[in-house]
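Colleague: Right, I'll just put the structure down here and ask away after.
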Amino acid sequence: GAVAGMDIRGAAPGTRETALLAPGRLVERIHALYLGGGSAFGLEAAGGIMSFLAERGIGFPAGQVRVPIVPGAILFDLGVGDGKAYPTPAMAYAACEAASDGPVAEGSVGAGVGATVGKILGHAQAMKGGVGTAAAVTDDGVTVGALAVVNAFGDVLDPETGELIAGAINPLTGSFIDTAQYMARGLRRGNYLGNTTLVVVATDARLDKVGANRLAEISHNALARVLRPAHTQFDGDIVFTVSTGEKEADFNVLSILSVDVVSRAILRGVTQATSLGGIPAWRDRK
């Protein structure tokens, strides 16, 4: 397993087994992480991961059995496509069978299939979100990687240019609304349901549970940097951190790299997405 931590900043999370990740809890290591769509219905799919691991004798030793520890979180995407279609245990089991150490699929795949961003005017004026990844390696060989599933209520900002690259579209002009400014003027429209950005930060540096939870807290800086607004009452934003190795690393360096790779992963979650159900993607507006 791996040492893990997490931090929730959004007000509308949907989770399983996350209480175990707090320092002082009995279980020190997890055996998988689950991210899915389907709102609370999607949490059931994690059972497929537990079955896969249990069949292979992987889990926390509890008497004569081993119990796989599989924390996870879901995002709300029931407003896109068929609201009764959500992940199942069979899908999660199949995902375990297909897992490899090769490149991770990005864009409108997995938990990112129904992901959208910029929903202050409803899905009709929103844009497509999705799965993105990024990684960095220090000079002494420590790796920090991130995977983000971008399904934000707010817009997506490129911090290098200061420009919005995805978000709510003004139906009259075709330009971006700028959700934060729109709300600051007291304007409120649309159904605000259907949000949450999920992030996993993984490193081969050694971390205990205290360090893993602290790194998750700091990594939320990336969401505040790229999503505008982030951590709203309508989002369930969560960052998980996972330590898979024993390499020595300066924690401040890990923090800097984590914020960087999470920022880039969020951007890729948008730029790699494809349009779906009439919701345009970034590549459609280039």
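FYI, nothing fancy with the structure tokens labels: chains A, B, ... in order, residues from 1 per chain, ligands from 1 as they appear.
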Which residues of segment 230-275 of chain A come within 10 Å of segment 9-15 of chain A, and what is each one's closest atom pair and distance in Å (one decimal), counting only C-alpha atoms, sorted by chain and residue number, as a tab-separated table?

Modeller:
```
residue	atom	partner	partner_atom	distance
A:Ala230	CA	A:Gly10	CA	7.9
A:His231	CA	A:Gly10	CA	4.3
A:Thr232	CA	A:Gly10	CA	5.8
A:Gln233	CA	A:Ala11	CA	4.7
A:Phe234	CA	A:Ala12	CA	5.9
A:Asp235	CA	A:Gly10	CA	5.0
A:Gly236	CA	A:Pro13	CA	3.8
A:Asp237	CA	A:Gly10	CA	4.4
A:Ile238	CA	A:Arg9	CA	6.3
A:Val239	CA	A:Arg9	CA	8.5
```

Colleague: Only N, CA and C atoms, please: the residues just picked out, written as a PDB file, in the first residue's frame.

Modeller:
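Generated file (again_4.pdb):
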```pdb
ATOM      1  N   ALA A 230     -12.761  29.229  -6.939  1.00  0.00           N
ATOM      2  CA  ALA A 230     -12.563  27.848  -6.503  1.00  0.00           C
ATOM      3  C   ALA A 230     -13.180  27.668  -5.118  1.00  0.00           C
ATOM      4  N   HIS A 231     -13.354  26.419  -4.708  1.00  0.00           N
ATOM      5  CA  HIS A 231     -13.795  26.075  -3.355  1.00  0.00           C
ATOM      6  C   HIS A 231     -15.129  26.732  -2.989  1.00  0.00           C
ATOM      7  N   THR A 232     -16.056  26.771  -3.929  1.00  0.00           N
ATOM      8  CA  THR A 232     -17.337  27.420  -3.658  1.00  0.00           C
ATOM      9  C   THR A 232     -18.262  26.508  -2.855  1.00  0.00           C
ATOM     10  N   GLN A 233     -19.407  27.051  -2.495  1.00  0.00           N
ATOM     11  CA  GLN A 233     -20.430  26.255  -1.807  1.00  0.00           C
ATOM     12  C   GLN A 233     -21.023  25.195  -2.730  1.00  0.00           C
ATOM     13  N   PHE A 234     -20.745  25.299  -4.024  1.00  0.00           N
ATOM     14  CA  PHE A 234     -21.330  24.385  -5.005  1.00  0.00           C
ATOM     15  C   PHE A 234     -20.325  23.353  -5.507  1.00  0.00           C
ATOM     16  N   ASP A 235     -19.085  23.435  -5.035  1.00  0.00           N
ATOM     17  CA  ASP A 235     -18.030  22.493  -5.412  1.00  0.00           C
ATOM     18  C   ASP A 235     -17.700  21.579  -4.233  1.00  0.00           C
ATOM     19  N   GLY A 236     -17.186  20.402  -4.545  1.00  0.00           N
ATOM     20  CA  GLY A 236     -16.709  19.495  -3.505  1.00  0.00           C
ATOM     21  C   GLY A 236     -15.224  19.257  -3.634  1.00  0.00           C
ATOM     22  N   ASP A 237     -14.457  20.297  -3.924  1.00  0.00           N
ATOM     23  CA  ASP A 237     -13.036  20.179  -4.281  1.00  0.00           C
ATOM     24  C   ASP A 237     -12.233  19.398  -3.234  1.00  0.00           C
ATOM     25  N   ILE A 238     -11.473  18.399  -3.714  1.00  0.00           N
ATOM     26  CA  ILE A 238     -10.686  17.528  -2.847  1.00  0.00           C
ATOM     27  C   ILE A 238      -9.317  17.288  -3.476  1.00  0.00           C
ATOM     28  N   VAL A 239      -8.282  17.302  -2.635  1.00  0.00           N
ATOM     29  CA  VAL A 239      -6.948  16.864  -3.055  1.00  0.00           C
ATOM     30  C   VAL A 239      -6.543  15.667  -2.204  1.00  0.00           C
TER      31      VAL A 239
END
```

Colleague: Using DSSP assignments from the backbone, pull out every residue in segment 66-280 of chain A that falls under strand (DSSP E) and give it to me as a PDB file with N, CA, C and O atoms, in the first residue's frame.

Modeller:
```
ATOM      1  N   ARG A  66      -8.169 -10.048   4.608  1.00  0.00           N
ATOM      2  CA  ARG A  66      -7.538  -8.764   4.315  1.00  0.00           C
ATOM      3  C   ARG A  66      -8.585  -7.846   3.698  1.00  0.00           C
ATOM      4  O   ARG A  66      -9.269  -8.239   2.750  1.00  0.00           O
ATOM      5  N   VAL A  67      -8.690  -6.650   4.244  1.00  0.00           N
ATOM      6  CA  VAL A  67      -9.704  -5.694   3.795  1.00  0.00           C
ATOM      7  C   VAL A  67      -9.023  -4.592   2.992  1.00  0.00           C
ATOM      8  O   VAL A  67      -8.254  -3.791   3.549  1.00  0.00           O
ATOM      9  N   GLY A  72     -12.024   7.275  -1.754  1.00  0.00           N
ATOM     10  CA  GLY A  72     -12.379   7.811  -3.062  1.00  0.00           C
ATOM     11  C   GLY A  72     -13.321   8.986  -2.959  1.00  0.00           C
ATOM     12  O   GLY A  72     -13.760   9.378  -1.873  1.00  0.00           O
ATOM     13  N   ALA A  73     -13.626   9.545  -4.114  1.00  0.00           N
ATOM     14  CA  ALA A  73     -14.514  10.699  -4.182  1.00  0.00           C
ATOM     15  C   ALA A  73     -15.191  10.721  -5.541  1.00  0.00           C
ATOM     16  O   ALA A  73     -14.672  10.179  -6.524  1.00  0.00           O
ATOM     17  N   ILE A  74     -16.340  11.348  -5.581  1.00  0.00           N
ATOM     18  CA  ILE A  74     -17.102  11.441  -6.823  1.00  0.00           C
ATOM     19  C   ILE A  74     -17.354  12.909  -7.168  1.00  0.00           C
ATOM     20  O   ILE A  74     -17.235  13.798  -6.318  1.00  0.00           O
ATOM     21  N   THR A 116     -17.576  19.255 -16.671  1.00  0.00           N
ATOM     22  CA  THR A 116     -17.789  20.545 -17.326  1.00  0.00           C
ATOM     23  C   THR A 116     -17.253  21.663 -16.437  1.00  0.00           C
ATOM     24  O   THR A 116     -17.019  21.466 -15.240  1.00  0.00           O
ATOM     25  N   VAL A 117     -17.080  22.852 -17.006  1.00  0.00           N
ATOM     26  CA  VAL A 117     -16.622  24.015 -16.241  1.00  0.00           C
ATOM     27  C   VAL A 117     -17.445  25.238 -16.653  1.00  0.00           C
ATOM     28  O   VAL A 117     -18.029  25.272 -17.730  1.00  0.00           O
ATOM     29  N   MET A 127     -18.581  24.841 -20.652  1.00  0.00           N
ATOM     30  CA  MET A 127     -17.597  24.200 -21.523  1.00  0.00           C
ATOM     31  C   MET A 127     -17.159  22.872 -20.915  1.00  0.00           C
ATOM     32  O   MET A 127     -17.377  22.612 -19.732  1.00  0.00           O
ATOM     33  N   LYS A 128     -16.505  22.074 -21.733  1.00  0.00           N
ATOM     34  CA  LYS A 128     -16.128  20.729 -21.316  1.00  0.00           C
ATOM     35  C   LYS A 128     -14.867  20.741 -20.441  1.00  0.00           C
ATOM     36  O   LYS A 128     -13.907  21.443 -20.717  1.00  0.00           O
ATOM     37  N   VAL A 131     -10.044  14.971 -17.646  1.00  0.00           N
ATOM     38  CA  VAL A 131      -8.899  14.471 -16.896  1.00  0.00           C
ATOM     39  C   VAL A 131      -7.612  15.049 -17.472  1.00  0.00           C
ATOM     40  O   VAL A 131      -7.410  15.049 -18.689  1.00  0.00           O
ATOM     41  N   GLY A 132      -6.729  15.522 -16.594  1.00  0.00           N
ATOM     42  CA  GLY A 132      -5.419  16.007 -17.019  1.00  0.00           C
ATOM     43  C   GLY A 132      -4.337  15.514 -16.077  1.00  0.00           C
ATOM     44  O   GLY A 132      -4.604  15.231 -14.906  1.00  0.00           O
ATOM     45  N   THR A 133      -3.125  15.389 -16.592  1.00  0.00           N
ATOM     46  CA  THR A 133      -1.999  14.949 -15.769  1.00  0.00           C
ATOM     47  C   THR A 133      -0.784  15.832 -16.020  1.00  0.00           C
ATOM     48  O   THR A 133      -0.669  16.479 -17.065  1.00  0.00           O
ATOM     49  N   ALA A 134       0.130  15.831 -15.063  1.00  0.00           N
ATOM     50  CA  ALA A 134       1.408  16.543 -15.208  1.00  0.00           C
ATOM     51  C   ALA A 134       2.371  15.990 -14.173  1.00  0.00           C
ATOM     52  O   ALA A 134       1.948  15.406 -13.163  1.00  0.00           O
ATOM     53  N   ALA A 135       3.677  16.160 -14.406  1.00  0.00           N
ATOM     54  CA  ALA A 135       4.673  15.662 -13.468  1.00  0.00           C
ATOM     55  C   ALA A 135       5.935  16.508 -13.542  1.00  0.00           C
ATOM     56  O   ALA A 135       6.182  17.203 -14.528  1.00  0.00           O
ATOM     57  N   ALA A 136       6.728  16.428 -12.487  1.00  0.00           N
ATOM     58  CA  ALA A 136       8.017  17.114 -12.426  1.00  0.00           C
ATOM     59  C   ALA A 136       8.990  16.230 -11.665  1.00  0.00           C
ATOM     60  O   ALA A 136       8.591  15.455 -10.787  1.00  0.00           O
ATOM     61  N   VAL A 137      10.277  16.350 -11.999  1.00  0.00           N
ATOM     62  CA  VAL A 137      11.328  15.564 -11.354  1.00  0.00           C
ATOM     63  C   VAL A 137      12.417  16.511 -10.877  1.00  0.00           C
ATOM     64  O   VAL A 137      12.889  17.365 -11.640  1.00  0.00           O
ATOM     65  N   THR A 143      10.197  12.400  -7.890  1.00  0.00           N
ATOM     66  CA  THR A 143       9.097  12.706  -8.809  1.00  0.00           C
ATOM     67  C   THR A 143       7.864  13.160  -8.047  1.00  0.00           C
ATOM     68  O   THR A 143       7.520  12.583  -7.003  1.00  0.00           O
ATOM     69  N   VAL A 144       7.196  14.179  -8.566  1.00  0.00           N
ATOM     70  CA  VAL A 144       5.889  14.614  -8.071  1.00  0.00           C
ATOM     71  C   VAL A 144       4.964  14.669  -9.281  1.00  0.00           C
ATOM     72  O   VAL A 144       5.252  15.378 -10.253  1.00  0.00           O
ATOM     73  N   GLY A 145       3.887  13.916  -9.230  1.00  0.00           N
ATOM     74  CA  GLY A 145       2.931  13.900 -10.333  1.00  0.00           C
ATOM     75  C   GLY A 145       1.541  14.246  -9.848  1.00  0.00           C
ATOM     76  O   GLY A 145       1.241  14.142  -8.652  1.00  0.00           O
ATOM     77  N   ALA A 146       0.692  14.676 -10.768  1.00  0.00           N
ATOM     78  CA  ALA A 146      -0.674  15.027 -10.405  1.00  0.00           C
ATOM     79  C   ALA A 146      -1.642  14.556 -11.475  1.00  0.00           C
ATOM     80  O   ALA A 146      -1.321  14.554 -12.669  1.00  0.00           O
ATOM     81  N   LEU A 147      -2.811  14.146 -11.027  1.00  0.00           N
ATOM     82  CA  LEU A 147      -3.937  13.866 -11.905  1.00  0.00           C
ATOM     83  C   LEU A 147      -5.115  14.685 -11.407  1.00  0.00           C
ATOM     84  O   LEU A 147      -5.400  14.679 -10.203  1.00  0.00           O
ATOM     85  N   ALA A 148      -5.767  15.407 -12.312  1.00  0.00           N
ATOM     86  CA  ALA A 148      -6.905  16.243 -11.940  1.00  0.00           C
ATOM     87  C   ALA A 148      -8.110  15.907 -12.804  1.00  0.00           C
ATOM     88  O   ALA A 148      -7.969  15.697 -14.015  1.00  0.00           O
ATOM     89  N   VAL A 149      -9.267  15.841 -12.175  1.00  0.00           N
ATOM     90  CA  VAL A 149     -10.529  15.720 -12.907  1.00  0.00           C
ATOM     91  C   VAL A 149     -11.254  17.047 -12.717  1.00  0.00           C
ATOM     92  O   VAL A 149     -11.690  17.377 -11.616  1.00  0.00           O
ATOM     93  N   ASP A 155     -14.570  29.324 -13.715  1.00  0.00           N
ATOM     94  CA  ASP A 155     -13.826  29.354 -14.974  1.00  0.00           C
ATOM     95  C   ASP A 155     -12.414  28.834 -14.758  1.00  0.00           C
ATOM     96  O   ASP A 155     -11.956  28.672 -13.629  1.00  0.00           O
ATOM     97  N   VAL A 156     -11.710  28.606 -15.864  1.00  0.00           N
ATOM     98  CA  VAL A 156     -10.335  28.112 -15.808  1.00  0.00           C
ATOM     99  C   VAL A 156      -9.410  29.194 -16.357  1.00  0.00           C
ATOM    100  O   VAL A 156      -9.587  29.657 -17.488  1.00  0.00           O
ATOM    101  N   LEU A 157      -8.418  29.573 -15.543  1.00  0.00           N
ATOM    102  CA  LEU A 157      -7.504  30.666 -15.862  1.00  0.00           C
ATOM    103  C   LEU A 157      -6.104  30.112 -16.104  1.00  0.00           C
ATOM    104  O   LEU A 157      -5.603  29.307 -15.325  1.00  0.00           O
ATOM    105  N   ASP A 158      -5.470  30.536 -17.178  1.00  0.00           N
ATOM    106  CA  ASP A 158      -4.069  30.202 -17.412  1.00  0.00           C
ATOM    107  C   ASP A 158      -3.230  31.164 -16.579  1.00  0.00           C
ATOM    108  O   ASP A 158      -3.170  32.360 -16.890  1.00  0.00           O
ATOM    109  N   GLU A 163      -5.162  34.836 -18.700  1.00  0.00           N
ATOM    110  CA  GLU A 163      -6.358  34.795 -19.537  1.00  0.00           C
ATOM    111  C   GLU A 163      -7.242  33.602 -19.192  1.00  0.00           C
ATOM    112  O   GLU A 163      -6.744  32.525 -18.848  1.00  0.00           O
ATOM    113  N   LEU A 164      -8.553  33.805 -19.282  1.00  0.00           N
ATOM    114  CA  LEU A 164      -9.481  32.696 -19.148  1.00  0.00           C
ATOM    115  C   LEU A 164      -9.394  31.831 -20.406  1.00  0.00           C
ATOM    116  O   LEU A 164      -9.407  32.358 -21.522  1.00  0.00           O
ATOM    117  N   ILE A 165      -9.296  30.521 -20.218  1.00  0.00           N
ATOM    118  CA  ILE A 165      -9.249  29.636 -21.380  1.00  0.00           C
ATOM    119  C   ILE A 165     -10.509  28.792 -21.499  1.00  0.00           C
ATOM    120  O   ILE A 165     -10.772  28.202 -22.552  1.00  0.00           O
ATOM    121  N   ALA A 166     -11.305  28.734 -20.429  1.00  0.00           N
ATOM    122  CA  ALA A 166     -12.559  27.979 -20.476  1.00  0.00           C
ATOM    123  C   ALA A 166     -13.467  28.495 -19.378  1.00  0.00           C
ATOM    124  O   ALA A 166     -13.003  28.937 -18.324  1.00  0.00           O
ATOM    125  N   LEU A 198     -11.480  17.072  -8.604  1.00  0.00           N
ATOM    126  CA  LEU A 198     -10.802  16.039  -7.831  1.00  0.00           C
ATOM    127  C   LEU A 198      -9.344  15.967  -8.271  1.00  0.00           C
ATOM    128  O   LEU A 198      -9.065  15.962  -9.465  1.00  0.00           O
ATOM    129  N   VAL A 199      -8.432  15.882  -7.309  1.00  0.00           N
ATOM    130  CA  VAL A 199      -6.999  15.882  -7.608  1.00  0.00           C
ATOM    131  C   VAL A 199      -6.309  14.785  -6.811  1.00  0.00           C
ATOM    132  O   VAL A 199      -6.621  14.563  -5.630  1.00  0.00           O
ATOM    133  N   VAL A 200      -5.355  14.119  -7.450  1.00  0.00           N
ATOM    134  CA  VAL A 200      -4.444  13.208  -6.764  1.00  0.00           C
ATOM    135  C   VAL A 200      -3.018  13.681  -7.019  1.00  0.00           C
ATOM    136  O   VAL A 200      -2.628  13.882  -8.167  1.00  0.00           O
ATOM    137  N   VAL A 201      -2.256  13.869  -5.949  1.00  0.00           N
ATOM    138  CA  VAL A 201      -0.830  14.177  -6.046  1.00  0.00           C
ATOM    139  C   VAL A 201      -0.067  12.953  -5.550  1.00  0.00           C
ATOM    140  O   VAL A 201      -0.330  12.466  -4.441  1.00  0.00           O
ATOM    141  N   ALA A 202       0.843  12.439  -6.354  1.00  0.00           N
ATOM    142  CA  ALA A 202       1.627  11.262  -5.968  1.00  0.00           C
ATOM    143  C   ALA A 202       3.113  11.576  -6.048  1.00  0.00           C
ATOM    144  O   ALA A 202       3.556  12.275  -6.961  1.00  0.00           O
ATOM    145  N   THR A 203       3.862  11.049  -5.099  1.00  0.00           N
ATOM    146  CA  THR A 203       5.298  11.264  -5.087  1.00  0.00           C
ATOM    147  C   THR A 203       6.010  10.021  -4.580  1.00  0.00           C
ATOM    148  O   THR A 203       5.441   9.240  -3.802  1.00  0.00           O
ATOM    149  N   ASP A 204       7.254   9.832  -5.025  1.00  0.00           N
ATOM    150  CA  ASP A 204       8.072   8.744  -4.494  1.00  0.00           C
ATOM    151  C   ASP A 204       8.965   9.225  -3.359  1.00  0.00           C
ATOM    152  O   ASP A 204       9.848   8.510  -2.902  1.00  0.00           O
ATOM    153  N   ALA A 205       8.711  10.444  -2.884  1.00  0.00           N
ATOM    154  CA  ALA A 205       9.373  10.928  -1.667  1.00  0.00           C
ATOM    155  C   ALA A 205       8.687  10.311  -0.452  1.00  0.00           C
ATOM    156  O   ALA A 205       7.490  10.016  -0.486  1.00  0.00           O
ATOM    157  N   LEU A 227      -8.556  28.004 -10.931  1.00  0.00           N
ATOM    158  CA  LEU A 227     -10.016  28.017 -11.010  1.00  0.00           C
ATOM    159  C   LEU A 227     -10.546  29.289 -10.364  1.00  0.00           C
ATOM    160  O   LEU A 227     -10.162  29.633  -9.250  1.00  0.00           O
ATOM    161  N   ARG A 228     -11.450  29.976 -11.060  1.00  0.00           N
ATOM    162  CA  ARG A 228     -11.964  31.247 -10.540  1.00  0.00           C
ATOM    163  C   ARG A 228     -13.477  31.317 -10.696  1.00  0.00           C
ATOM    164  O   ARG A 228     -13.952  31.392 -11.829  1.00  0.00           O
ATOM    165  N   ILE A 238     -11.473  18.399  -3.714  1.00  0.00           N
ATOM    166  CA  ILE A 238     -10.686  17.528  -2.847  1.00  0.00           C
ATOM    167  C   ILE A 238      -9.317  17.288  -3.476  1.00  0.00           C
ATOM    168  O   ILE A 238      -9.218  17.077  -4.682  1.00  0.00           O
ATOM    169  N   VAL A 239      -8.282  17.302  -2.635  1.00  0.00           N
ATOM    170  CA  VAL A 239      -6.948  16.864  -3.055  1.00  0.00           C
ATOM    171  C   VAL A 239      -6.543  15.667  -2.204  1.00  0.00           C
ATOM    172  O   VAL A 239      -6.575  15.738  -0.967  1.00  0.00           O
ATOM    173  N   PHE A 240      -6.185  14.562  -2.856  1.00  0.00           N
ATOM    174  CA  PHE A 240      -5.582  13.404  -2.203  1.00  0.00           C
ATOM    175  C   PHE A 240      -4.081  13.459  -2.459  1.00  0.00           C
ATOM    176  O   PHE A 240      -3.640  13.876  -3.534  1.00  0.00           O
ATOM    177  N   THR A 241      -3.279  13.007  -1.504  1.00  0.00           N
ATOM    178  CA  THR A 241      -1.849  12.851  -1.730  1.00  0.00           C
ATOM    179  C   THR A 241      -1.462  11.415  -1.419  1.00  0.00           C
ATOM    180  O   THR A 241      -2.019  10.788  -0.499  1.00  0.00           O
ATOM    181  N   VAL A 242      -0.496  10.907  -2.178  1.00  0.00           N
ATOM    182  CA  VAL A 242      -0.043   9.528  -2.015  1.00  0.00           C
ATOM    183  C   VAL A 242       1.475   9.502  -2.046  1.00  0.00           C
ATOM    184  O   VAL A 242       2.090  10.062  -2.958  1.00  0.00           O
ATOM    185  N   SER A 243       2.080   8.845  -1.056  1.00  0.00           N
ATOM    186  CA  SER A 243       3.523   8.650  -1.013  1.00  0.00           C
ATOM    187  C   SER A 243       3.828   7.182  -1.275  1.00  0.00           C
ATOM    188  O   SER A 243       3.420   6.308  -0.498  1.00  0.00           O
ATOM    189  N   THR A 244       4.535   6.932  -2.368  1.00  0.00           N
ATOM    190  CA  THR A 244       4.768   5.547  -2.789  1.00  0.00           C
ATOM    191  C   THR A 244       6.208   5.093  -2.600  1.00  0.00           C
ATOM    192  O   THR A 244       6.541   3.967  -2.961  1.00  0.00           O
ATOM    193  N   GLY A 245       7.085   5.940  -2.081  1.00  0.00           N
ATOM    194  CA  GLY A 245       8.492   5.587  -2.020  1.00  0.00           C
ATOM    195  C   GLY A 245       9.170   6.008  -0.736  1.00  0.00           C
ATOM    196  O   GLY A 245       8.517   6.419   0.239  1.00  0.00           O
ATOM    197  N   GLU A 246      10.488   5.936  -0.754  1.00  0.00           N
ATOM    198  CA  GLU A 246      11.287   6.209   0.430  1.00  0.00           C
ATOM    199  C   GLU A 246      12.399   7.221   0.160  1.00  0.00           C
ATOM    200  O   GLU A 246      13.372   7.289   0.902  1.00  0.00           O
ATOM    201  N   LYS A 247      12.297   8.009  -0.906  1.00  0.00           N
ATOM    202  CA  LYS A 247      13.339   8.972  -1.225  1.00  0.00           C
ATOM    203  C   LYS A 247      13.261  10.176  -0.283  1.00  0.00           C
ATOM    204  O   LYS A 247      12.175  10.616   0.085  1.00  0.00           O
TER     205      LYS A 247
END
```

Colleague: Segment 17-28 of chain A: which residues within 8 Å, counting only C-alpha atoms, same-chain residues fewer than 3 positions away excluded, as a PDB file with all heavy atoms, in the first residue's frame?

Modeller:
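Generated file (part00.pdb):
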```
ATOM      1  N   VAL A   3       1.215   5.401   1.812  1.00  0.00           N
ATOM      2  CA  VAL A   3       0.780   6.414   2.771  1.00  0.00           C
ATOM      3  C   VAL A   3      -0.025   7.471   2.019  1.00  0.00           C
ATOM      4  O   VAL A   3       0.346   7.875   0.913  1.00  0.00           O
ATOM      5  CB  VAL A   3       1.987   7.058   3.467  1.00  0.00           C
ATOM      6  CG1 VAL A   3       1.548   8.190   4.391  1.00  0.00           C
ATOM      7  CG2 VAL A   3       2.771   6.001   4.232  1.00  0.00           C
ATOM      8  N   ALA A   4      -1.121   7.917   2.599  1.00  0.00           N
ATOM      9  CA  ALA A   4      -1.978   8.875   1.893  1.00  0.00           C
ATOM     10  C   ALA A   4      -2.549   9.903   2.855  1.00  0.00           C
ATOM     11  O   ALA A   4      -2.644   9.687   4.060  1.00  0.00           O
ATOM     12  CB  ALA A   4      -3.109   8.149   1.175  1.00  0.00           C
ATOM     13  N   GLY A   5      -2.929  11.050   2.280  1.00  0.00           N
ATOM     14  CA  GLY A   5      -3.600  12.108   3.020  1.00  0.00           C
ATOM     15  C   GLY A   5      -4.608  12.776   2.111  1.00  0.00           C
ATOM     16  O   GLY A   5      -4.694  12.464   0.915  1.00  0.00           O
ATOM     17  N   MET A   6      -5.378  13.677   2.641  1.00  0.00           N
ATOM     18  CA  MET A   6      -6.358  14.384   1.816  1.00  0.00           C
ATOM     19  C   MET A   6      -6.793  15.665   2.495  1.00  0.00           C
ATOM     20  O   MET A   6      -6.620  15.847   3.703  1.00  0.00           O
ATOM     21  CB  MET A   6      -7.577  13.509   1.534  1.00  0.00           C
ATOM     22  CG  MET A   6      -8.320  12.976   2.753  1.00  0.00           C
ATOM     23  SD  MET A   6      -9.525  14.127   3.470  1.00  0.00           S
ATOM     24  CE  MET A   6     -10.678  14.253   2.145  1.00  0.00           C
ATOM     25  N   PHE A  60      -5.747  -4.603   4.262  1.00  0.00           N
ATOM     26  CA  PHE A  60      -5.374  -4.451   5.664  1.00  0.00           C
ATOM     27  C   PHE A  60      -5.669  -5.757   6.400  1.00  0.00           C
ATOM     28  O   PHE A  60      -6.787  -6.264   6.337  1.00  0.00           O
ATOM     29  CB  PHE A  60      -6.166  -3.296   6.283  1.00  0.00           C
ATOM     30  CG  PHE A  60      -5.905  -3.078   7.741  1.00  0.00           C
ATOM     31  CD1 PHE A  60      -4.756  -2.426   8.157  1.00  0.00           C
ATOM     32  CD2 PHE A  60      -6.809  -3.516   8.701  1.00  0.00           C
ATOM     33  CE1 PHE A  60      -4.513  -2.208   9.503  1.00  0.00           C
ATOM     34  CE2 PHE A  60      -6.574  -3.294  10.050  1.00  0.00           C
ATOM     35  CZ  PHE A  60      -5.416  -2.651  10.450  1.00  0.00           C
ATOM     36  N   ILE A  69      -8.235  -1.149   1.493  1.00  0.00           N
ATOM     37  CA  ILE A  69      -8.593   0.213   1.893  1.00  0.00           C
ATOM     38  C   ILE A  69      -8.605   1.069   0.628  1.00  0.00           C
ATOM     39  O   ILE A  69      -7.556   1.314   0.026  1.00  0.00           O
ATOM     40  CB  ILE A  69      -7.597   0.774   2.920  1.00  0.00           C
ATOM     41  CG1 ILE A  69      -7.475  -0.180   4.118  1.00  0.00           C
ATOM     42  CG2 ILE A  69      -8.022   2.161   3.368  1.00  0.00           C
ATOM     43  CD1 ILE A  69      -8.784  -0.437   4.845  1.00  0.00           C
ATOM     44  N   VAL A  70      -9.798   1.507   0.238  1.00  0.00           N
ATOM     45  CA  VAL A  70      -9.980   2.210  -1.042  1.00  0.00           C
ATOM     46  C   VAL A  70     -10.739   3.514  -0.805  1.00  0.00           C
ATOM     47  O   VAL A  70     -11.960   3.580  -0.989  1.00  0.00           O
ATOM     48  CB  VAL A  70     -10.730   1.330  -2.066  1.00  0.00           C
ATOM     49  CG1 VAL A  70     -10.785   2.028  -3.426  1.00  0.00           C
ATOM     50  CG2 VAL A  70     -10.070  -0.037  -2.195  1.00  0.00           C
ATOM     51  N   PRO A  71     -10.067   4.567  -0.382  1.00  0.00           N
ATOM     52  CA  PRO A  71     -10.729   5.868  -0.292  1.00  0.00           C
ATOM     53  C   PRO A  71     -11.087   6.364  -1.699  1.00  0.00           C
ATOM     54  O   PRO A  71     -10.487   5.943  -2.696  1.00  0.00           O
ATOM     55  CB  PRO A  71      -9.678   6.771   0.356  1.00  0.00           C
ATOM     56  CG  PRO A  71      -8.669   5.842   0.934  1.00  0.00           C
ATOM     57  CD  PRO A  71      -8.674   4.638   0.065  1.00  0.00           C
ATOM     58  N   GLY A  72     -12.024   7.275  -1.754  1.00  0.00           N
ATOM     59  CA  GLY A  72     -12.379   7.811  -3.062  1.00  0.00           C
ATOM     60  C   GLY A  72     -13.321   8.986  -2.959  1.00  0.00           C
ATOM     61  O   GLY A  72     -13.760   9.378  -1.873  1.00  0.00           O
ATOM     62  N   LYS A 209       1.764  10.322   7.455  1.00  0.00           N
ATOM     63  CA  LYS A 209       0.407  10.803   7.243  1.00  0.00           C
ATOM     64  C   LYS A 209       0.279  12.295   7.525  1.00  0.00           C
ATOM     65  O   LYS A 209      -0.494  12.991   6.857  1.00  0.00           O
ATOM     66  CB  LYS A 209      -0.585  10.010   8.099  1.00  0.00           C
ATOM     67  CG  LYS A 209      -0.815   8.598   7.590  1.00  0.00           C
ATOM     68  CD  LYS A 209      -1.793   7.831   8.451  1.00  0.00           C
ATOM     69  CE  LYS A 209      -3.214   8.264   8.239  1.00  0.00           C
ATOM     70  NZ  LYS A 209      -4.180   7.396   8.963  1.00  0.00           N
ATOM     71  N   VAL A 210       1.043  12.792   8.492  1.00  0.00           N
ATOM     72  CA  VAL A 210       1.004  14.232   8.766  1.00  0.00           C
ATOM     73  C   VAL A 210       1.503  15.005   7.553  1.00  0.00           C
ATOM     74  O   VAL A 210       0.887  15.980   7.109  1.00  0.00           O
ATOM     75  CB  VAL A 210       1.854  14.573  10.009  1.00  0.00           C
ATOM     76  CG1 VAL A 210       1.963  16.085  10.185  1.00  0.00           C
ATOM     77  CG2 VAL A 210       1.242  13.946  11.257  1.00  0.00           C
ATOM     78  N   ASN A 213      -1.008  14.817   4.586  1.00  0.00           N
ATOM     79  CA  ASN A 213      -2.158  15.712   4.752  1.00  0.00           C
ATOM     80  C   ASN A 213      -1.751  17.166   4.572  1.00  0.00           C
ATOM     81  O   ASN A 213      -2.496  17.954   3.980  1.00  0.00           O
ATOM     82  CB  ASN A 213      -2.793  15.496   6.129  1.00  0.00           C
ATOM     83  CG  ASN A 213      -3.738  14.315   6.170  1.00  0.00           C
ATOM     84  OD1 ASN A 213      -4.917  14.447   5.859  1.00  0.00           O
ATOM     85  ND2 ASN A 213      -3.225  13.153   6.542  1.00  0.00           N
TER      86      ASN A 213
END
```

Colleague: If you count only C-alpha atoms, which residues fall within 10 Å of Pro89 of chain A, apart from same-chain ones fewer than 4 positions away, as number ranges by chain?

Modeller: A: 42-52, 93-95
